$ cat coords10.cif   # mmCIF, C-alpha atoms
data_my_file
loop_
_atom_site.group_PDB
_atom_site.id
_atom_site.type_symbol
_atom_site.label_atom_id
_atom_site.label_comp_id
_atom_site.auth_asym_id
_atom_site.auth_seq_id
_atom_site.Cartn_x
_atom_site.Cartn_y
_atom_site.Cartn_z
ATOM 1 C CA MET Z 1 -65.630 -65.232 123.943
ATOM 2 C CA THR Z 2 -64.989 -65.396 120.189
ATOM 3 C CA LYS Z 3 -61.787 -64.548 118.377
ATOM 4 C CA LEU Z 4 -61.387 -62.945 114.966
ATOM 5 C CA LYS Z 5 -58.003 -62.867 113.261
ATOM 6 C CA LEU Z 6 -57.534 -59.989 110.830
ATOM 7 C CA VAL Z 7 -54.596 -59.968 108.437
ATOM 8 C CA LEU Z 8 -53.891 -56.975 106.244
ATOM 9 C CA GLU Z 9 -51.579 -57.676 103.329
ATOM 10 C CA PRO Z 10 -49.038 -54.969 102.390
ATOM 11 C CA ASN Z 11 -50.706 -52.102 100.534
ATOM 12 C CA LYS Z 12 -50.276 -48.406 99.932
ATOM 13 C CA CYS Z 13 -53.424 -47.314 101.802
ATOM 14 C CA ASN Z 14 -53.593 -46.081 105.373
ATOM 15 C CA PRO Z 15 -56.806 -47.722 106.540
ATOM 16 C CA VAL Z 16 -58.342 -47.435 109.984
ATOM 17 C CA PHE Z 17 -60.109 -50.611 111.078
ATOM 18 C CA SER Z 18 -62.642 -50.555 113.878
ATOM 19 C CA ILE Z 19 -64.675 -53.376 115.357
ATOM 20 C CA ASP Z 20 -67.802 -52.400 117.289
ATOM 21 C CA GLY Z 21 -66.537 -48.820 117.324
ATOM 22 C CA LYS Z 22 -63.097 -49.649 118.746
ATOM 23 C CA ILE Z 23 -60.027 -48.947 116.618
ATOM 24 C CA VAL Z 24 -58.030 -52.089 115.829
ATOM 25 C CA ASN Z 25 -54.290 -51.961 116.475
ATOM 26 C CA PHE Z 26 -52.317 -54.073 114.046
ATOM 27 C CA ARG Z 27 -48.856 -55.453 114.651
ATOM 28 C CA PRO Z 28 -46.433 -56.213 111.820
ATOM 29 C CA THR Z 29 -45.688 -59.812 110.907
ATOM 30 C CA GLU Z 30 -42.390 -61.218 109.673
ATOM 31 C CA ARG Z 31 -43.470 -61.252 106.011
ATOM 32 C CA GLY Z 32 -44.480 -57.585 105.950
ATOM 33 C CA ALA Z 33 -48.206 -57.973 106.568
ATOM 34 C CA GLN Z 34 -50.123 -56.617 109.553
ATOM 35 C CA GLU Z 35 -52.062 -58.760 111.942
ATOM 36 C CA ALA Z 36 -54.588 -58.292 114.742
ATOM 37 C CA VAL Z 37 -56.561 -60.715 116.885
ATOM 38 C CA ILE Z 38 -59.841 -59.319 118.142
ATOM 39 C CA GLU Z 39 -61.734 -60.859 121.000
ATOM 40 C CA SER Z 40 -65.442 -60.207 121.326
ATOM 41 C CA GLU Z 41 -68.342 -61.303 123.498
ATOM 42 C CA ASN Z 42 -70.664 -61.148 120.493
ATOM 43 C CA ASP Z 43 -70.737 -63.568 117.608
ATOM 44 C CA VAL Z 44 -71.740 -60.825 115.162
ATOM 45 C CA VAL Z 45 -69.510 -57.748 115.134
ATOM 46 C CA ASP Z 46 -69.591 -54.497 113.182
ATOM 47 C CA LEU Z 47 -66.530 -54.020 111.017
ATOM 48 C CA SER Z 48 -65.756 -50.541 109.776
ATOM 49 C CA ILE Z 49 -62.865 -49.707 107.467
ATOM 50 C CA GLU Z 50 -62.041 -46.116 106.621
ATOM 51 C CA THR Z 51 -59.112 -44.447 104.926
ATOM 52 C CA LEU Z 52 -57.661 -41.148 106.050
ATOM 53 C CA PRO Z 53 -58.905 -38.159 104.048
ATOM 54 C CA CYS Z 54 -56.358 -36.432 101.807
ATOM 55 C CA GLU Z 55 -53.908 -34.125 103.588
ATOM 56 C CA LEU Z 56 -55.192 -31.235 101.491
ATOM 57 C CA ILE Z 57 -58.704 -31.401 102.948
ATOM 58 C CA GLU Z 58 -58.015 -32.327 106.559
ATOM 59 C CA PRO Z 59 -58.691 -29.732 109.298
ATOM 60 C CA ASN Z 60 -56.299 -26.737 109.043
ATOM 61 C CA ALA Z 61 -55.128 -27.980 105.647
ATOM 62 C CA GLY Z 62 -54.510 -24.410 104.415
ATOM 63 C CA LYS Z 63 -52.186 -23.538 107.293
ATOM 64 C CA HIS Z 64 -50.294 -26.798 106.976
ATOM 65 C CA TYR Z 65 -49.978 -26.430 103.212
ATOM 66 C CA LEU Z 66 -48.553 -22.915 103.570
ATOM 67 C CA ALA Z 67 -46.088 -24.085 106.222
ATOM 68 C CA PHE Z 68 -44.912 -26.976 104.050
ATOM 69 C CA PHE Z 69 -44.876 -24.719 100.975
ATOM 70 C CA PHE Z 70 -42.353 -22.328 102.516
ATOM 71 C CA ALA Z 71 -40.404 -24.997 104.438
ATOM 72 C CA SER Z 72 -39.870 -26.952 101.226
ATOM 73 C CA ILE Z 73 -38.621 -23.845 99.362
ATOM 74 C CA PHE Z 74 -41.784 -22.983 97.448
ATOM 75 C CA SER Z 75 -42.839 -26.625 97.258
ATOM 76 C CA PHE Z 76 -39.691 -27.569 95.332
ATOM 77 C CA PHE Z 77 -38.706 -30.241 97.864
ATOM 78 C CA ASN Z 78 -42.208 -31.104 99.008
ATOM 79 C CA PRO Z 79 -42.997 -34.810 98.553
ATOM 80 C CA PRO Z 80 -45.946 -35.235 96.164
ATOM 81 C CA TYR Z 81 -49.436 -35.671 97.538
ATOM 82 C CA PRO Z 82 -50.306 -39.288 96.620
ATOM 83 C CA LYS Z 83 -53.065 -39.842 94.095
ATOM 84 C CA ARG Z 84 -54.527 -42.692 96.146
ATOM 85 C CA ASP Z 85 -55.360 -40.207 98.942
ATOM 86 C CA ILE Z 86 -58.023 -38.490 96.822
ATOM 87 C CA PHE Z 87 -60.004 -41.745 96.974
ATOM 88 C CA GLU Z 88 -61.807 -42.568 100.174
ATOM 89 C CA VAL Z 89 -63.164 -45.805 101.563
ATOM 90 C CA ARG Z 90 -66.007 -45.903 104.082
ATOM 91 C CA TYR Z 91 -66.784 -49.579 104.416
ATOM 92 C CA SER Z 92 -69.143 -50.910 107.062
ATOM 93 C CA GLY Z 93 -70.412 -54.450 107.414
ATOM 94 C CA LYS Z 94 -71.219 -57.177 109.853
ATOM 95 C CA ILE Z 95 -69.130 -60.286 110.429
ATOM 96 C CA LYS Z 96 -70.356 -63.484 112.005
ATOM 97 C CA ILE Z 97 -67.234 -64.750 113.755
ATOM 98 C CA SER Z 98 -68.488 -68.346 114.076
ATOM 99 C CA GLU Z 99 -68.679 -68.463 110.257
ATOM 100 C CA CYS Z 100 -65.573 -66.478 109.501
ATOM 101 C CA ASN Z 101 -62.867 -66.135 112.143
ATOM 102 C CA HIS Z 102 -59.897 -65.489 109.862
ATOM 103 C CA LEU Z 103 -59.936 -62.599 107.399
ATOM 104 C CA VAL Z 104 -57.073 -61.837 105.032
ATOM 105 C CA LEU Z 105 -57.610 -58.515 103.283
ATOM 106 C CA THR Z 106 -55.902 -56.261 100.818
ATOM 107 C CA PHE Z 107 -56.794 -53.129 98.860
ATOM 108 C CA ASN Z 108 -57.349 -52.893 95.126
ATOM 109 C CA LYS Z 109 -55.740 -50.156 93.053
ATOM 110 C CA PRO Z 110 -57.822 -46.989 93.601
ATOM 111 C CA LYS Z 111 -60.254 -46.274 90.791
ATOM 112 C CA LYS Z 112 -63.525 -44.363 90.925
ATOM 113 C CA ASN Z 113 -66.470 -46.546 92.030
ATOM 114 C CA GLN Z 114 -64.331 -49.696 91.954
ATOM 115 C CA LYS Z 115 -64.299 -52.304 94.716
ATOM 116 C CA ALA Z 116 -61.844 -51.195 97.381
ATOM 117 C CA ILE Z 117 -61.278 -54.110 99.736
ATOM 118 C CA LYS Z 118 -60.437 -57.523 98.395
ATOM 119 C CA PRO Z 119 -60.524 -60.610 100.628
ATOM 120 C CA LEU Z 120 -57.751 -63.095 99.866
ATOM 121 C CA GLY Z 121 -57.822 -66.868 100.110
ATOM 122 C CA GLY Z 122 -61.515 -67.221 99.417
ATOM 123 C CA ASN Z 123 -62.628 -66.520 102.964
ATOM 124 C CA ALA Z 124 -65.969 -64.744 103.187
ATOM 125 C CA PRO Z 125 -65.973 -62.979 99.825
ATOM 126 C CA HIS Z 126 -69.701 -62.263 100.231
ATOM 127 C CA LEU Z 127 -68.870 -59.805 103.030
ATOM 128 C CA PHE Z 128 -67.079 -57.538 100.606
ATOM 129 C CA GLU Z 129 -68.284 -58.397 97.105
ATOM 130 C CA ASP Z 130 -71.965 -57.737 97.812
ATOM 131 C CA ASN Z 131 -71.489 -54.800 100.146
ATOM 132 C CA PRO Z 132 -72.304 -51.483 98.400
ATOM 133 C CA SER Z 133 -70.086 -49.546 100.835
ATOM 134 C CA ASN Z 134 -67.011 -51.403 99.561
ATOM 135 C CA VAL Z 135 -66.144 -48.834 96.877
ATOM 136 C CA TYR Z 136 -63.619 -46.124 96.277
ATOM 137 C CA ILE Z 137 -65.239 -42.707 96.521
ATOM 138 C CA LEU Z 138 -63.501 -39.934 94.614
ATOM 139 C CA ASN Z 139 -63.242 -36.778 96.712
ATOM 140 C CA LYS Z 140 -63.526 -34.015 94.121
ATOM 141 C CA ARG Z 141 -62.364 -31.273 96.507
ATOM 142 C CA ALA Z 142 -59.202 -33.223 97.268
ATOM 143 C CA GLN Z 143 -58.684 -33.930 93.564
ATOM 144 C CA LYS Z 144 -58.999 -30.242 92.684
ATOM 145 C CA ARG Z 145 -56.587 -29.161 95.415
ATOM 146 C CA ARG Z 146 -54.091 -31.887 94.500
ATOM 147 C CA ASN Z 147 -54.163 -30.827 90.844
ATOM 148 C CA LEU Z 148 -53.556 -27.204 91.854
ATOM 149 C CA SER Z 149 -50.702 -28.224 94.132
ATOM 150 C CA ASN Z 150 -49.098 -30.341 91.390
ATOM 151 C CA LEU Z 151 -49.456 -27.497 88.888
ATOM 152 C CA LEU Z 152 -47.778 -25.063 91.258
ATOM 153 C CA GLN Z 153 -44.978 -27.527 92.000
ATOM 154 C CA THR Z 154 -44.352 -28.155 88.299
ATOM 155 C CA PHE Z 155 -44.285 -24.398 87.640
ATOM 156 C CA VAL Z 156 -41.772 -23.816 90.470
ATOM 157 C CA ARG Z 157 -39.529 -26.668 89.274
ATOM 158 C CA LEU Z 158 -39.563 -25.379 85.687
ATOM 159 C CA ALA Z 159 -38.741 -21.880 86.944
ATOM 160 C CA VAL Z 160 -35.771 -23.198 88.960
ATOM 161 C CA VAL Z 161 -34.437 -25.176 85.973
ATOM 162 C CA ALA Z 162 -34.824 -22.066 83.762
ATOM 163 C CA VAL Z 163 -32.921 -19.930 86.299
ATOM 164 C CA ILE Z 164 -30.080 -22.491 86.479
ATOM 165 C CA ILE Z 165 -29.830 -22.583 82.668
ATOM 166 C CA VAL Z 166 -29.768 -18.774 82.517
ATOM 167 C CA PHE Z 167 -26.991 -18.665 85.144
ATOM 168 C CA VAL Z 168 -24.874 -21.253 83.292
ATOM 169 C CA VAL Z 169 -25.359 -19.455 79.967
ATOM 170 C CA LEU Z 170 -24.461 -16.103 81.559
ATOM 171 C CA ALA Z 171 -21.353 -17.643 83.118
ATOM 172 C CA LEU Z 172 -20.363 -19.105 79.741
ATOM 173 C CA ILE Z 173 -20.846 -15.754 77.996
ATOM 174 C CA LYS Z 174 -18.689 -14.005 80.617
ATOM 175 C CA MET R 1 -57.294 -40.910 114.375
ATOM 176 C CA GLU R 2 -55.496 -37.704 115.444
ATOM 177 C CA GLN R 3 -52.331 -39.752 115.891
ATOM 178 C CA LEU R 4 -52.577 -40.987 112.297
ATOM 179 C CA PHE R 5 -52.891 -37.404 111.025
ATOM 180 C CA LEU R 6 -49.884 -36.462 113.127
ATOM 181 C CA ASN R 7 -47.851 -39.411 111.811
ATOM 182 C CA ARG R 8 -48.634 -38.427 108.255
ATOM 183 C CA ARG R 9 -47.593 -34.817 108.900
ATOM 184 C CA ARG R 10 -44.410 -36.008 110.582
ATOM 185 C CA TYR R 11 -43.696 -38.216 107.573
ATOM 186 C CA ARG R 12 -44.081 -35.205 105.261
ATOM 187 C CA ILE R 13 -41.647 -33.168 107.362
ATOM 188 C CA ALA R 14 -39.179 -36.061 107.197
ATOM 189 C CA GLY R 15 -39.800 -36.211 103.432
ATOM 190 C CA ILE R 16 -38.867 -32.539 102.996
ATOM 191 C CA PHE R 17 -35.657 -32.984 104.998
ATOM 192 C CA PHE R 18 -34.889 -36.147 103.039
ATOM 193 C CA ASN R 19 -35.462 -34.466 99.659
ATOM 194 C CA ILE R 20 -33.202 -31.502 100.489
ATOM 195 C CA GLY R 21 -30.505 -33.742 101.980
ATOM 196 C CA ILE R 22 -30.502 -36.307 99.211
ATOM 197 C CA THR R 23 -30.449 -33.589 96.518
ATOM 198 C CA ALA R 24 -27.370 -32.057 98.157
ATOM 199 C CA ALA R 25 -25.735 -35.491 98.495
ATOM 200 C CA ALA R 26 -26.562 -36.331 94.867
ATOM 201 C CA LEU R 27 -25.039 -33.023 93.776
ATOM 202 C CA LEU R 28 -21.783 -34.066 95.428
ATOM 203 C CA VAL R 29 -21.797 -37.721 94.431
ATOM 204 C CA PHE R 30 -22.987 -37.235 90.854
ATOM 205 C CA GLY R 31 -21.157 -33.912 90.371
ATOM 206 C CA PRO R 32 -18.362 -35.548 88.376
ATOM 207 C CA LEU R 33 -20.999 -37.212 86.203
ATOM 208 C CA ILE R 34 -22.521 -33.788 85.428
ATOM 209 C CA TYR R 35 -19.022 -32.743 84.376
ATOM 210 C CA VAL R 36 -18.567 -35.891 82.272
ATOM 211 C CA GLY R 37 -22.043 -35.324 80.750
ATOM 212 C CA ALA R 38 -21.150 -31.721 79.879
ATOM 213 C CA ALA R 39 -17.877 -32.949 78.365
ATOM 214 C CA ILE R 40 -19.700 -35.570 76.259
ATOM 215 C CA VAL R 41 -22.190 -32.961 74.997
ATOM 216 C CA TRP R 42 -19.328 -30.659 74.152
ATOM 217 C CA ILE R 43 -17.383 -33.437 72.352
ATOM 218 C CA LEU R 44 -20.497 -34.363 70.315
ATOM 219 C CA ALA R 45 -21.059 -30.711 69.410
ATOM 220 C CA ALA R 46 -17.376 -30.332 68.511
ATOM 221 C CA LEU R 47 -17.473 -33.479 66.335
ATOM 222 C CA PHE R 48 -20.572 -32.183 64.567
ATOM 223 C CA LEU R 49 -18.882 -28.853 63.925
ATOM 224 C CA PHE R 50 -15.704 -30.633 62.861
ATOM 225 C CA SER R 51 -17.641 -32.612 60.247
ATOM 226 C CA LEU R 52 -19.028 -29.320 58.948
ATOM 227 C CA VAL R 53 -15.504 -27.973 58.888
ATOM 228 C CA VAL R 54 -14.227 -30.958 56.922
ATOM 229 C CA ILE R 55 -16.985 -30.375 54.367
ATOM 230 C CA THR R 56 -16.116 -26.730 54.142
ATOM 231 C CA LEU R 57 -12.367 -27.231 54.413
ATOM 232 C CA GLY R 58 -11.824 -25.064 51.455
ATOM 233 C CA LEU R 59 -13.573 -22.194 53.253
ATOM 234 C CA ILE R 60 -11.215 -22.510 56.232
ATOM 235 C CA LEU R 61 -8.224 -22.362 54.010
ATOM 236 C CA LEU R 62 -9.605 -19.402 52.166
ATOM 237 C CA ASP R 63 -11.322 -17.468 54.955
ATOM 238 C CA SER R 64 -9.331 -16.671 58.136
ATOM 239 C CA ASP R 65 -12.470 -15.371 59.994
ATOM 240 C CA PHE R 66 -14.045 -18.813 59.720
ATOM 241 C CA PHE R 67 -10.935 -20.369 61.258
ATOM 242 C CA HIS R 68 -11.009 -17.906 64.185
ATOM 243 C CA ALA R 69 -14.683 -18.677 64.836
ATOM 244 C CA PHE R 70 -13.916 -22.405 64.981
ATOM 245 C CA SER R 71 -11.021 -21.983 67.376
ATOM 246 C CA SER R 72 -13.163 -19.830 69.718
ATOM 247 C CA ILE R 73 -15.679 -22.695 70.039
ATOM 248 C CA SER R 74 -12.998 -24.835 71.687
ATOM 249 C CA ASP R 75 -12.893 -22.268 74.540
ATOM 250 C CA GLY R 76 -16.379 -23.464 75.544
ATOM 251 C CA PHE R 77 -15.043 -26.612 77.138
ATOM 252 C CA ASP R 78 -12.548 -24.658 79.213
ATOM 253 C CA LYS R 79 -15.370 -22.408 80.404
ATOM 254 C CA ILE R 80 -17.509 -25.405 81.438
ATOM 255 C CA LYS R 81 -14.502 -26.812 83.290
ATOM 256 C CA TYR R 82 -13.927 -23.465 84.983
ATOM 257 C CA ILE R 83 -17.570 -23.184 86.134
ATOM 258 C CA PHE R 84 -17.502 -26.765 87.431
ATOM 259 C CA TYR R 85 -14.229 -26.332 89.315
ATOM 260 C CA GLY R 86 -15.296 -22.962 90.719
ATOM 261 C CA PHE R 87 -18.615 -24.301 91.953
ATOM 262 C CA TYR R 88 -17.262 -27.375 93.698
ATOM 263 C CA GLN R 89 -14.130 -25.655 95.018
ATOM 264 C CA ASN R 90 -16.221 -23.050 96.823
ATOM 265 C CA ALA R 91 -19.375 -24.940 97.696
ATOM 266 C CA SER R 92 -18.480 -28.602 98.271
ATOM 267 C CA ILE R 93 -18.056 -28.280 102.070
ATOM 268 C CA ALA R 94 -21.251 -26.222 102.446
ATOM 269 C CA ILE R 95 -23.221 -28.739 100.340
ATOM 270 C CA CYS R 96 -21.777 -31.611 102.396
ATOM 271 C CA ILE R 97 -22.854 -29.925 105.658
ATOM 272 C CA VAL R 98 -26.372 -29.367 104.265
ATOM 273 C CA ALA R 99 -26.581 -32.970 103.040
ATOM 274 C CA CYS R 100 -25.376 -34.489 106.323
ATOM 275 C CA ALA R 101 -27.506 -32.227 108.557
ATOM 276 C CA PHE R 102 -30.723 -32.676 106.594
ATOM 277 C CA LEU R 103 -30.249 -36.421 106.156
ATOM 278 C CA ALA R 104 -29.497 -36.814 109.868
ATOM 279 C CA VAL R 105 -32.731 -34.986 110.753
ATOM 280 C CA ALA R 106 -34.602 -37.093 108.179
ATOM 281 C CA ILE R 107 -33.235 -40.291 109.755
ATOM 282 C CA SER R 108 -34.238 -39.242 113.267
ATOM 283 C CA VAL R 109 -37.779 -38.220 112.207
ATOM 284 C CA LEU R 110 -38.258 -41.318 110.033
ATOM 285 C CA ALA R 111 -37.063 -43.542 112.871
ATOM 286 C CA ILE R 112 -39.900 -42.381 115.136
ATOM 287 C CA THR R 113 -42.539 -42.510 112.382
ATOM 288 C CA PRO R 114 -44.568 -45.707 112.090
ATOM 289 C CA LYS R 115 -44.098 -47.733 108.910
ATOM 290 C CA MET R 116 -45.386 -45.918 105.848
ATOM 291 C CA TYR R 117 -45.013 -46.413 102.147
ATOM 292 C CA HIS R 118 -41.340 -45.906 101.064
ATOM 293 C CA ARG R 119 -40.253 -45.143 104.649
ATOM 294 C CA ASN R 120 -37.630 -47.901 104.790
ATOM 295 C CA ALA R 121 -36.256 -46.965 101.371
ATOM 296 C CA LYS R 122 -35.874 -43.347 102.515
ATOM 297 C CA LEU R 123 -34.164 -44.494 105.715
ATOM 298 C CA VAL R 124 -31.677 -46.668 103.821
ATOM 299 C CA LEU R 125 -30.932 -43.918 101.280
ATOM 300 C CA SER R 126 -30.410 -41.391 104.090
ATOM 301 C CA VAL R 127 -28.019 -43.726 105.908
ATOM 302 C CA ILE R 128 -26.058 -44.371 102.695
ATOM 303 C CA GLY R 129 -26.209 -40.716 101.617
ATOM 304 C CA ILE R 130 -24.256 -39.305 104.574
ATOM 305 C CA PRO R 131 -20.991 -41.288 104.128
ATOM 306 C CA LEU R 132 -21.208 -40.924 100.343
ATOM 307 C CA ALA R 133 -21.502 -37.133 100.638
ATOM 308 C CA ILE R 134 -18.516 -37.029 103.015
ATOM 309 C CA VAL R 135 -16.393 -39.253 100.737
ATOM 310 C CA ALA R 136 -17.308 -37.130 97.688
ATOM 311 C CA THR R 137 -16.378 -33.923 99.546
ATOM 312 C CA VAL R 138 -13.040 -35.361 100.680
ATOM 313 C CA LEU R 139 -12.340 -36.398 97.072
ATOM 314 C CA PHE R 140 -13.175 -32.889 95.829
ATOM 315 C CA MET R 141 -10.844 -31.397 98.439
ATOM 316 C CA VAL R 142 -8.035 -33.753 97.415
ATOM 317 C CA VAL R 143 -8.592 -33.214 93.674
ATOM 318 C CA PHE R 144 -9.028 -29.433 93.854
ATOM 319 C CA GLY R 145 -6.428 -29.021 96.582
ATOM 320 C CA LYS R 146 -8.578 -27.106 99.072
#

$ encode --input "coords10.cif" --output "structure tokens"
Amino acid sequence: MTKLKLVLEPNKCNPVFSIDGKIVNFRPTERGAQEAVIESENDVVDLSIETLPCELIEPNAGKHYLAFFFASIFSFFNPPYPKRDIFEVRYSGKIKISECNHLVLTFNKPKKNQKAIKPLGGNAPHLFEDNPSNVYILNKRAQKRRNLSNLLQTFVRLAVVAVIIVFVVLALIK
Amino acid sequence: MEQLFLNRRRYRIAGIFFNIGITAAALLVFGPLIYVGAAIVWILAALFLFSLVVITLGLILLDSDFFHAFSSISDGFDKIKYIFYGFYQNASIAICIVACAFLAVAISVLAITPKMYHRNAKLVLSVIGIPLAIVATVLFMVVFGK
């Protein structure tokens, strides 16, 4: 039985880690990081790291968007859809636990075709530096929908500010 | 995976409640600042007009219409004060109820949501927002005598 310790430093991404197809459950540490110890019969395991797709392209996104649109008073109070969510990560690689049994990882700032996962402390950089799947992929559909949503939100906010100004001016004139 | 989607949706719902609640609380807490801001803008505008008046002092002395126009500008501040008093006299309790209810819902939803970016900050602001909104409302009631 071999043990692999995975540490995920604080970051803004919502990654899903799976080892040999099983989702890894992290537990928070005292200094804000997340930690998981994985036990495996095999010395070489498959590591897969994926990020959640943007809320605007997930199944039933249209229905959810409409519900949030009206619940947040025409998107006025809707929290913004984060820019990092339009970038996706679909990393897959193999780890030899006897060579590397302690991985400390973090995520780089999302940028198109840039390296996504960064190992810290110099442990097994070859696993991530040379792996072509370790990149941020820009989801153009999500980007388009996010831009539209932001445009609509800006328009609604400007309209509300204009209405308030008109009301104050009318009250002053009265 | 489904659970993660659900958590994210739950976090958005909490975010909407938080945004509405904190806006209402901010309206109560920073209301006096809006009033002070309006007063400062008015004072600056009045000073600017006064400097014009000083330059054209001769015109005031000669033209009574000009003097009337200047005195009517000073009514603007009273109107701003009237709008401010009217708004908070009638709506402070309703805004406080909205702020407290929405922030309470936000706290309860955020408490059952796993850690996400800015979650703790929203929780802290919600917890602080409720007593601040109540204190601001009580102050308005004492000041405006309602």

$ closest_atom_pairs --input "coords10.cif" --of "chain R" --to "chain Z" --cutoff "7 Å" --atoms "only C-alpha atoms" --output "CSV"
residue,atom,partner,partner_atom,distance
R:Arg12,CA,Z:Pro79,CA,6.8
R:Gly15,CA,Z:Pro79,CA,6.0
R:Ile16,CA,Z:Asn78,CA,5.4
R:Asn19,CA,Z:Phe77,CA,5.6
R:Ile20,CA,Z:Phe77,CA,6.2
R:Lys79,CA,Z:Leu172,CA,6.0
R:Tyr117,CA,Z:Lys12,CA,6.0

$ atom_distance --input "coords10.cif" --atom1 "atom CA of R:Leu139" --atom2 "atom CA of R:Cys96"
11.8 Å

$ residues_near_point --input "coords10.cif" --point "(-60.0, -41.4, 97.6)" --cutoff "7 Å" --atoms "all atoms listed in the file" --output "short mmCIF file (atom, residue, chain, number, x, y, z; two decimals) with C-alpha atoms, keeping the file's coordinate frame"
data_model
loop_
_atom_site.label_atom_id
_atom_site.label_comp_id
_atom_site.auth_asym_id
_atom_site.auth_seq_id
_atom_site.Cartn_x
_atom_site.Cartn_y
_atom_site.Cartn_z
CA ARG Z 84 -54.53 -42.69 96.15
CA ASP Z 85 -55.36 -40.21 98.94
CA ILE Z 86 -58.02 -38.49 96.82
CA PHE Z 87 -60.00 -41.74 96.97
CA GLU Z 88 -61.81 -42.57 100.17
CA VAL Z 89 -63.16 -45.80 101.56
CA TYR Z 136 -63.62 -46.12 96.28
CA ILE Z 137 -65.24 -42.71 96.52
CA LEU Z 138 -63.50 -39.93 94.61
CA ASN Z 139 -63.24 -36.78 96.71
#

$ closest_residue --input "coords10.cif" --among "R:Ala101, R:Tyr88, R:Arg9, R:Phe48" --to "R:Val143" --atoms "only C-alpha atoms"
R:Tyr88

$ resolve_selection --input "coords10.cif" --expression "the PyMOL selection byres ((chain Z and resi 105-117) around 12)" --output "PyMOL selection string"
chain Z and resi 5-15+17+33-36+48-51+82-93+102-104+118-140+143

$ write_last_selection --input "coords10.cif" --atoms "C-alpha atoms" --output "mmCIF file, keeping the file's coordinate frame"
data_model
loop_
_atom_site.group_PDB
_atom_site.id
_atom_site.type_symbol
_atom_site.label_atom_id
_atom_site.label_comp_id
_atom_site.auth_asym_id
_atom_site.auth_seq_id
_atom_site.Cartn_x
_atom_site.Cartn_y
_atom_site.Cartn_z
ATOM 1 C CA LYS Z 5 -58.003 -62.867 113.261
ATOM 2 C CA LEU Z 6 -57.534 -59.989 110.830
ATOM 3 C CA VAL Z 7 -54.596 -59.968 108.437
ATOM 4 C CA LEU Z 8 -53.891 -56.975 106.244
ATOM 5 C CA GLU Z 9 -51.579 -57.676 103.329
ATOM 6 C CA PRO Z 10 -49.038 -54.969 102.390
ATOM 7 C CA ASN Z 11 -50.706 -52.102 100.534
ATOM 8 C CA LYS Z 12 -50.276 -48.406 99.932
ATOM 9 C CA CYS Z 13 -53.424 -47.314 101.802
ATOM 10 C CA ASN Z 14 -53.593 -46.081 105.373
ATOM 11 C CA PRO Z 15 -56.806 -47.722 106.540
ATOM 12 C CA PHE Z 17 -60.109 -50.611 111.078
ATOM 13 C CA ALA Z 33 -48.206 -57.973 106.568
ATOM 14 C CA GLN Z 34 -50.123 -56.617 109.553
ATOM 15 C CA GLU Z 35 -52.062 -58.760 111.942
ATOM 16 C CA ALA Z 36 -54.588 -58.292 114.742
ATOM 17 C CA SER Z 48 -65.756 -50.541 109.776
ATOM 18 C CA ILE Z 49 -62.865 -49.707 107.467
ATOM 19 C CA GLU Z 50 -62.041 -46.116 106.621
ATOM 20 C CA THR Z 51 -59.112 -44.447 104.926
ATOM 21 C CA PRO Z 82 -50.306 -39.288 96.620
ATOM 22 C CA LYS Z 83 -53.065 -39.842 94.095
ATOM 23 C CA ARG Z 84 -54.527 -42.692 96.146
ATOM 24 C CA ASP Z 85 -55.360 -40.207 98.942
ATOM 25 C CA ILE Z 86 -58.023 -38.490 96.822
ATOM 26 C CA PHE Z 87 -60.004 -41.745 96.974
ATOM 27 C CA GLU Z 88 -61.807 -42.568 100.174
ATOM 28 C CA VAL Z 89 -63.164 -45.805 101.563
ATOM 29 C CA ARG Z 90 -66.007 -45.903 104.082
ATOM 30 C CA TYR Z 91 -66.784 -49.579 104.416
ATOM 31 C CA SER Z 92 -69.143 -50.910 107.062
ATOM 32 C CA GLY Z 93 -70.412 -54.450 107.414
ATOM 33 C CA HIS Z 102 -59.897 -65.489 109.862
ATOM 34 C CA LEU Z 103 -59.936 -62.599 107.399
ATOM 35 C CA VAL Z 104 -57.073 -61.837 105.032
ATOM 36 C CA LYS Z 118 -60.437 -57.523 98.395
ATOM 37 C CA PRO Z 119 -60.524 -60.610 100.628
ATOM 38 C CA LEU Z 120 -57.751 -63.095 99.866
ATOM 39 C CA GLY Z 121 -57.822 -66.868 100.110
ATOM 40 C CA GLY Z 122 -61.515 -67.221 99.417
ATOM 41 C CA ASN Z 123 -62.628 -66.520 102.964
ATOM 42 C CA ALA Z 124 -65.969 -64.744 103.187
ATOM 43 C CA PRO Z 125 -65.973 -62.979 99.825
ATOM 44 C CA HIS Z 126 -69.701 -62.263 100.231
ATOM 45 C CA LEU Z 127 -68.870 -59.805 103.030
ATOM 46 C CA PHE Z 128 -67.079 -57.538 100.606
ATOM 47 C CA GLU Z 129 -68.284 -58.397 97.105
ATOM 48 C CA ASP Z 130 -71.965 -57.737 97.812
ATOM 49 C CA ASN Z 131 -71.489 -54.800 100.146
ATOM 50 C CA PRO Z 132 -72.304 -51.483 98.400
ATOM 51 C CA SER Z 133 -70.086 -49.546 100.835
ATOM 52 C CA ASN Z 134 -67.011 -51.403 99.561
ATOM 53 C CA VAL Z 135 -66.144 -48.834 96.877
ATOM 54 C CA TYR Z 136 -63.619 -46.124 96.277
ATOM 55 C CA ILE Z 137 -65.239 -42.707 96.521
ATOM 56 C CA LEU Z 138 -63.501 -39.934 94.614
ATOM 57 C CA ASN Z 139 -63.242 -36.778 96.712
ATOM 58 C CA LYS Z 140 -63.526 -34.015 94.121
ATOM 59 C CA GLN Z 143 -58.684 -33.930 93.564
#

$ resolve_selection --input "coords10.cif" --expression "the PyMOL selection byres ((chain Z and resi 97-99) around 10)" --output "JSON, numbers by chain"
{"Z": [2, 3, 4, 5, 39, 40, 42, 43, 44, 45, 94, 95, 96, 100, 101, 102, 103, 123, 124]}
